[in-house]
>>> print(open('run-v3.txt').read())   # compact mmCIF, C-alpha atoms
# COMPACT_ATOMS: atom_id res chain seq x y z
CA MET A 230 0.00 0.00 0.00
CA THR A 231 1.33 3.45 -0.87
CA THR A 232 2.16 5.82 1.95
CA LEU A 233 -0.54 8.36 1.02
CA LYS A 234 -3.21 5.68 0.72
CA SER A 235 -2.21 4.16 4.08
CA LYS A 236 -2.32 7.65 5.65
CA LEU A 237 -5.87 8.08 4.31
CA GLN A 238 -6.80 4.67 5.75
CA ASP A 239 -5.27 5.53 9.15
CA ASP A 240 -7.05 8.90 9.19
CA LEU A 241 -10.33 7.18 8.30
CA ASN A 242 -9.92 4.78 11.24
CA ALA A 243 -9.17 7.72 13.56
CA ALA A 244 -12.19 9.66 12.26
CA ILE A 245 -14.45 6.65 12.84
CA LYS A 246 -13.16 6.27 16.42
CA GLU A 247 -13.71 10.00 17.03
CA ARG A 248 -17.21 9.70 15.50
CA ASP A 249 -16.34 12.49 13.03
CA GLU A 250 -19.04 11.79 10.45
CA LEU A 251 -17.91 14.42 7.92
CA ARG A 252 -14.26 13.28 7.79
CA SER A 253 -15.09 9.57 7.84
CA SER A 254 -17.63 9.78 5.01
CA THR A 255 -15.33 12.01 2.92
CA LEU A 256 -12.34 9.70 3.41
CA ARG A 257 -14.49 6.63 2.70
CA LEU A 258 -15.64 8.10 -0.63
CA THR A 259 -12.07 9.06 -1.53
CA LEU A 260 -10.68 5.60 -0.69
CA THR A 261 -13.49 4.08 -2.75
CA ALA A 262 -12.51 6.29 -5.70
CA ILE A 263 -8.88 5.17 -5.29
CA THR A 264 -9.90 1.49 -5.20
CA LYS A 265 -12.11 2.01 -8.26
CA GLU A 266 -9.13 3.52 -10.08
CA GLU A 267 -6.96 0.56 -9.04
CA VAL A 268 -9.33 -2.03 -10.47
CA SER A 269 -10.20 -0.16 -13.66
CA GLY A 270 -8.55 -1.41 -16.80
CA LYS A 271 -7.51 -4.92 -17.70
CA GLU A 272 -5.82 -5.86 -14.43
CA LYS A 273 -5.73 -4.72 -10.81
CA ARG A 274 -2.76 -2.58 -9.89
CA GLU A 275 -1.39 -0.57 -6.98
CA LEU A 276 -1.54 3.21 -7.49
CA SER A 277 1.58 5.30 -6.84
CA ASP A 278 1.42 8.29 -4.49
CA ASP A 279 1.26 10.61 -7.52
CA GLU A 280 -1.73 8.70 -8.92
CA VAL A 281 -3.44 8.72 -5.51
CA LEU A 282 -2.83 12.49 -5.37
CA LYS A 283 -4.52 12.88 -8.78
CA VAL A 284 -7.57 10.98 -7.50
CA ILE A 285 -7.73 13.18 -4.38
CA THR A 286 -7.39 16.30 -6.58
CA ARG A 287 -10.23 15.08 -8.80
CA GLU A 288 -12.43 14.37 -5.78
CA ALA A 289 -11.70 17.84 -4.32
CA LYS A 290 -12.60 19.44 -7.65
CA LYS A 291 -15.91 17.52 -7.68
CA ARG A 292 -16.68 18.93 -4.22
CA ARG A 293 -15.95 22.52 -5.33
CA GLU A 294 -18.13 22.16 -8.43
CA ALA A 295 -20.96 20.57 -6.44
CA ALA A 296 -20.76 23.34 -3.82
CA ASP A 297 -21.06 25.95 -6.59
CA ALA A 298 -24.01 24.12 -8.15
CA PHE A 299 -25.81 23.79 -4.80
CA ALA A 300 -25.18 27.46 -4.00
CA GLN A 301 -26.61 28.55 -7.36
CA GLY A 302 -29.60 26.28 -6.80
CA GLY A 303 -30.35 27.91 -3.46
CA ARG A 304 -29.39 24.84 -1.40
CA GLY A 305 -27.01 26.44 1.08
CA GLU A 306 -26.87 23.53 3.52
CA GLN A 307 -25.65 21.07 0.87
CA ALA A 308 -23.23 23.69 -0.49
CA GLU A 309 -21.70 24.09 2.98
CA ARG A 310 -21.38 20.30 3.32
CA GLU A 311 -19.58 20.03 -0.04
CA LYS A 312 -17.24 22.91 0.90
CA ALA A 313 -16.43 21.21 4.21
CA GLU A 314 -15.68 17.92 2.41
CA GLY A 315 -13.43 19.82 0.00
CA GLU A 316 -11.53 21.31 2.94
CA VAL A 317 -10.99 17.83 4.41
CA LEU A 318 -9.49 16.70 1.09
CA ALA A 319 -7.43 19.89 0.70
CA ALA A 320 -5.40 18.84 3.75
CA TYR A 321 -3.96 15.98 1.66
CA LEU A 322 -3.11 18.12 -1.38
CA PRO A 323 0.08 20.13 -1.90
CA LYS A 324 -0.11 23.84 -1.07
CA GLN A 325 -1.74 25.76 -3.92
CA LEU A 326 0.20 28.56 -5.62
CA SER A 327 -0.88 32.12 -4.86
CA ASP A 328 -2.03 34.31 -7.76
CA ASP A 329 1.27 36.22 -7.71
CA GLU A 330 3.36 33.03 -7.80
CA LEU A 331 1.25 31.64 -10.65
CA ASP A 332 1.50 34.92 -12.62
CA ALA A 333 5.30 34.88 -12.25
CA ILE A 334 5.56 31.31 -13.57
CA VAL A 335 3.18 32.11 -16.46
CA ALA A 336 5.11 35.30 -17.34
CA GLN A 337 8.36 33.32 -17.51
CA ALA A 338 6.68 30.68 -19.72
CA VAL A 339 5.29 33.40 -22.04
CA GLU A 340 8.83 34.76 -22.46
CA GLU A 341 10.12 31.25 -23.25
CA ALA A 342 7.34 30.74 -25.81
CA LYS A 343 8.05 34.13 -27.43
CA ALA A 344 11.74 33.22 -27.65
CA ALA A 345 10.68 30.04 -29.46
CA GLY A 346 8.65 32.15 -31.92
CA ALA A 347 5.11 31.79 -30.52
CA GLU A 348 3.18 35.08 -30.47
CA GLY A 349 -0.30 36.30 -29.52
CA PRO A 350 -3.34 34.20 -28.59
CA ARG A 351 -2.15 31.33 -30.78
CA ALA A 352 0.76 30.82 -28.37
CA MET A 353 -1.65 29.49 -25.72
CA GLY A 354 -0.83 25.83 -26.41
CA ALA A 355 2.92 26.42 -26.38
CA VAL A 356 2.74 28.36 -23.11
CA MET A 357 0.49 25.74 -21.47
CA LYS A 358 3.00 23.01 -22.40
CA ILE A 359 5.71 24.95 -20.58
CA VAL A 360 3.59 25.92 -17.55
CA ASN A 361 1.71 22.68 -16.78
CA PRO A 362 4.71 20.58 -15.67
CA LYS A 363 5.91 23.44 -13.42
CA VAL A 364 2.60 23.88 -11.60
CA ALA A 365 1.35 20.27 -11.64
CA GLY A 366 -0.81 19.70 -8.57
CA GLN A 367 -0.26 23.23 -7.27
CA ALA A 368 -2.79 25.08 -9.43
CA GLU A 369 -6.01 24.04 -11.12
CA GLY A 370 -6.01 23.96 -14.92
CA GLY A 371 -8.72 26.62 -15.19
CA ARG A 372 -6.72 29.07 -13.08
CA VAL A 373 -3.60 28.42 -15.17
CA ALA A 374 -5.46 28.87 -18.46
CA ALA A 375 -7.03 32.13 -17.25
CA ALA A 376 -3.63 33.50 -16.21
CA VAL A 377 -2.10 32.53 -19.57
CA LYS A 378 -4.98 34.13 -21.52
CA LYS A 379 -4.69 37.32 -19.45
CA LEU A 380 -0.98 37.65 -20.14
CA LEU A 381 -1.23 36.79 -23.84
CA ALA A 382 -4.08 39.27 -24.37
CA GLY A 383 -2.35 42.06 -22.47
>>> encode(input="run-v3.txt", output="structure tokens")
Amino acid sequence: MTTLKSKLQDDLNAAIKERDELRSSTLRLTLTAITKEEVSGKEKRELSDDEVLKVITREAKKRREAADAFAQGGRGEQAEREKAEGEVLAAYLPKQLSDDELDAIVAQAVEEAKAAGAEGPRAMGAVMKIVNPKVAGQAEGGRVAAAVKKLLAG
């Protein structure tokens, strides 16, 4: 078992003992998603920590989107629950980049792309190829794309 997955399992056991319903249900759903990922495909396999992190990131994103949808639908209680679940999962994710840090990385990537001959809005793909490996797991794709568009347009 990977170290991150075993940490999730240990935290789940602790949450159950503490009767923390929110944490235990959130961790249960996340461990189920990890197991589902392990058995998908032709044969069962053990996920690496990086793959487990991607599953946790995907689950956290689902919580954010559901919270937004519930809030727009006027269902505040469910929106708060989804936000709380997202915060539980955020504890297992790497620290997210601030807007300033992200803008600095994007600006550097834009300069690299311009040096390679990419100009204007068409350079988006080239810049994204440079930025994505640098910010993997530390910034959501939508945030990165928005920052790149802003810099290329300006």
>>> closest_residue(input="run-v3.txt", among="A:Ala376, A:Leu276, A:Ala352, A:Ala289", to="A:Leu318", atoms="all atoms listed in the file")
A:Ala289
>>> residues_around(input="run-v3.txt", residues="stretch 334-348 of chain A", least_positions_apart="4", cutoff="8 Å", atoms="all atoms listed in the file", output="ChimeraX atom specification")
/A:330,352,355-356,359-360,363,373,376-377,380-381
>>> atom_distance(input="run-v3.txt", atom1="atom CA of A:Gly315", atom2="atom CA of A:Lys290")
7.7 Å
>>> residues_around(input="run-v3.txt", residues="stretch 280-286 of chain A", least_positions_apart="6", cutoff="12 Å", atoms="all atoms listed in the file", output="PyMOL selection string")
chain A and resi 230-237+255-267+274+292-293+314-325+365-370
>>> atom_distance(input="run-v3.txt", atom1="atom CA of A:Arg248", atom2="atom CA of A:Gly305")
24.2 Å
>>> atom_distance(input="run-v3.txt", atom1="atom CA of A:Lys312", atom2="atom CA of A:Asp297")
8.9 Å
>>> axis_aligned_box(input="run-v3.txt", around="stretch 236-249 of chain A", padding_each_side="4 Å", output="AutoDock Vina command-line options")
--center_x -9.8 --center_y 8.6 --center_z 10.7 --size_x 22.9 --size_y 15.8 --size_z 20.7
>>> residues_around(input="run-v3.txt", residues="A:Ala295", least_positions_apart="4", cutoff="8 Å", atoms="all atoms listed in the file", output="ChimeraX atom specification")
/A:291,299,308,311
>>> decode(input="run-v3.txt", residues="stretch 278-292 of chain A", atoms="N, CA, C and O atoms", output="PDB file, in the first residue's frame")
ATOM      1  N   ASP A 278       1.863   7.107  -5.242  1.00  0.00           N
ATOM      2  CA  ASP A 278       1.422   8.292  -4.490  1.00  0.00           C
ATOM      3  C   ASP A 278       0.955   9.400  -5.429  1.00  0.00           C
ATOM      4  O   ASP A 278      -0.004  10.103  -5.141  1.00  0.00           O
ATOM      5  N   ASP A 279       1.657   9.571  -6.567  1.00  0.00           N
ATOM      6  CA  ASP A 279       1.261  10.607  -7.525  1.00  0.00           C
ATOM      7  C   ASP A 279      -0.131  10.329  -8.086  1.00  0.00           C
ATOM      8  O   ASP A 279      -0.946  11.244  -8.240  1.00  0.00           O
ATOM      9  N   GLU A 280      -0.408   9.060  -8.385  1.00  0.00           N
ATOM     10  CA  GLU A 280      -1.728   8.705  -8.922  1.00  0.00           C
ATOM     11  C   GLU A 280      -2.809   8.882  -7.858  1.00  0.00           C
ATOM     12  O   GLU A 280      -3.911   9.335  -8.164  1.00  0.00           O
ATOM     13  N   VAL A 281      -2.496   8.532  -6.612  1.00  0.00           N
ATOM     14  CA  VAL A 281      -3.445   8.724  -5.511  1.00  0.00           C
ATOM     15  C   VAL A 281      -3.729  10.214  -5.348  1.00  0.00           C
ATOM     16  O   VAL A 281      -4.879  10.625  -5.153  1.00  0.00           O
ATOM     17  N   LEU A 282      -2.682  11.036  -5.470  1.00  0.00           N
ATOM     18  CA  LEU A 282      -2.833  12.488  -5.374  1.00  0.00           C
ATOM     19  C   LEU A 282      -3.757  13.014  -6.469  1.00  0.00           C
ATOM     20  O   LEU A 282      -4.588  13.892  -6.221  1.00  0.00           O
ATOM     21  N   LYS A 283      -3.637  12.463  -7.677  1.00  0.00           N
ATOM     22  CA  LYS A 283      -4.516  12.883  -8.777  1.00  0.00           C
ATOM     23  C   LYS A 283      -5.966  12.540  -8.471  1.00  0.00           C
ATOM     24  O   LYS A 283      -6.872  13.326  -8.766  1.00  0.00           O
ATOM     25  N   VAL A 284      -6.204  11.369  -7.869  1.00  0.00           N
ATOM     26  CA  VAL A 284      -7.569  10.979  -7.501  1.00  0.00           C
ATOM     27  C   VAL A 284      -8.115  11.936  -6.443  1.00  0.00           C
ATOM     28  O   VAL A 284      -9.254  12.401  -6.541  1.00  0.00           O
ATOM     29  N   ILE A 285      -7.295  12.263  -5.442  1.00  0.00           N
ATOM     30  CA  ILE A 285      -7.730  13.183  -4.379  1.00  0.00           C
ATOM     31  C   ILE A 285      -8.034  14.561  -4.983  1.00  0.00           C
ATOM     32  O   ILE A 285      -9.033  15.194  -4.636  1.00  0.00           O
ATOM     33  N   THR A 286      -7.178  15.010  -5.917  1.00  0.00           N
ATOM     34  CA  THR A 286      -7.392  16.298  -6.580  1.00  0.00           C
ATOM     35  C   THR A 286      -8.720  16.288  -7.338  1.00  0.00           C
ATOM     36  O   THR A 286      -9.491  17.250  -7.269  1.00  0.00           O
ATOM     37  N   ARG A 287      -8.983  15.197  -8.040  1.00  0.00           N
ATOM     38  CA  ARG A 287     -10.231  15.079  -8.803  1.00  0.00           C
ATOM     39  C   ARG A 287     -11.438  15.102  -7.865  1.00  0.00           C
ATOM     40  O   ARG A 287     -12.447  15.761  -8.141  1.00  0.00           O
ATOM     41  N   GLU A 288     -11.335  14.399  -6.741  1.00  0.00           N
ATOM     42  CA  GLU A 288     -12.433  14.375  -5.776  1.00  0.00           C
ATOM     43  C   GLU A 288     -12.663  15.770  -5.173  1.00  0.00           C
ATOM     44  O   GLU A 288     -13.795  16.188  -4.999  1.00  0.00           O
ATOM     45  N   ALA A 289     -11.573  16.486  -4.873  1.00  0.00           N
ATOM     46  CA  ALA A 289     -11.702  17.841  -4.316  1.00  0.00           C
ATOM     47  C   ALA A 289     -12.368  18.767  -5.330  1.00  0.00           C
ATOM     48  O   ALA A 289     -13.202  19.603  -4.974  1.00  0.00           O
ATOM     49  N   LYS A 290     -12.004  18.612  -6.598  1.00  0.00           N
ATOM     50  CA  LYS A 290     -12.605  19.439  -7.650  1.00  0.00           C
ATOM     51  C   LYS A 290     -14.104  19.152  -7.760  1.00  0.00           C
ATOM     52  O   LYS A 290     -14.913  20.070  -7.913  1.00  0.00           O
ATOM     53  N   LYS A 291     -14.482  17.879  -7.648  1.00  0.00           N
ATOM     54  CA  LYS A 291     -15.905  17.522  -7.684  1.00  0.00           C
ATOM     55  C   LYS A 291     -16.654  18.229  -6.556  1.00  0.00           C
ATOM     56  O   LYS A 291     -17.767  18.716  -6.752  1.00  0.00           O
ATOM     57  N   ARG A 292     -16.027  18.280  -5.367  1.00  0.00           N
ATOM     58  CA  ARG A 292     -16.678  18.930  -4.219  1.00  0.00           C
ATOM     59  C   ARG A 292     -16.865  20.419  -4.482  1.00  0.00           C
ATOM     60  O   ARG A 292     -17.911  20.981  -4.169  1.00  0.00           O
TER      61      ARG A 292
END
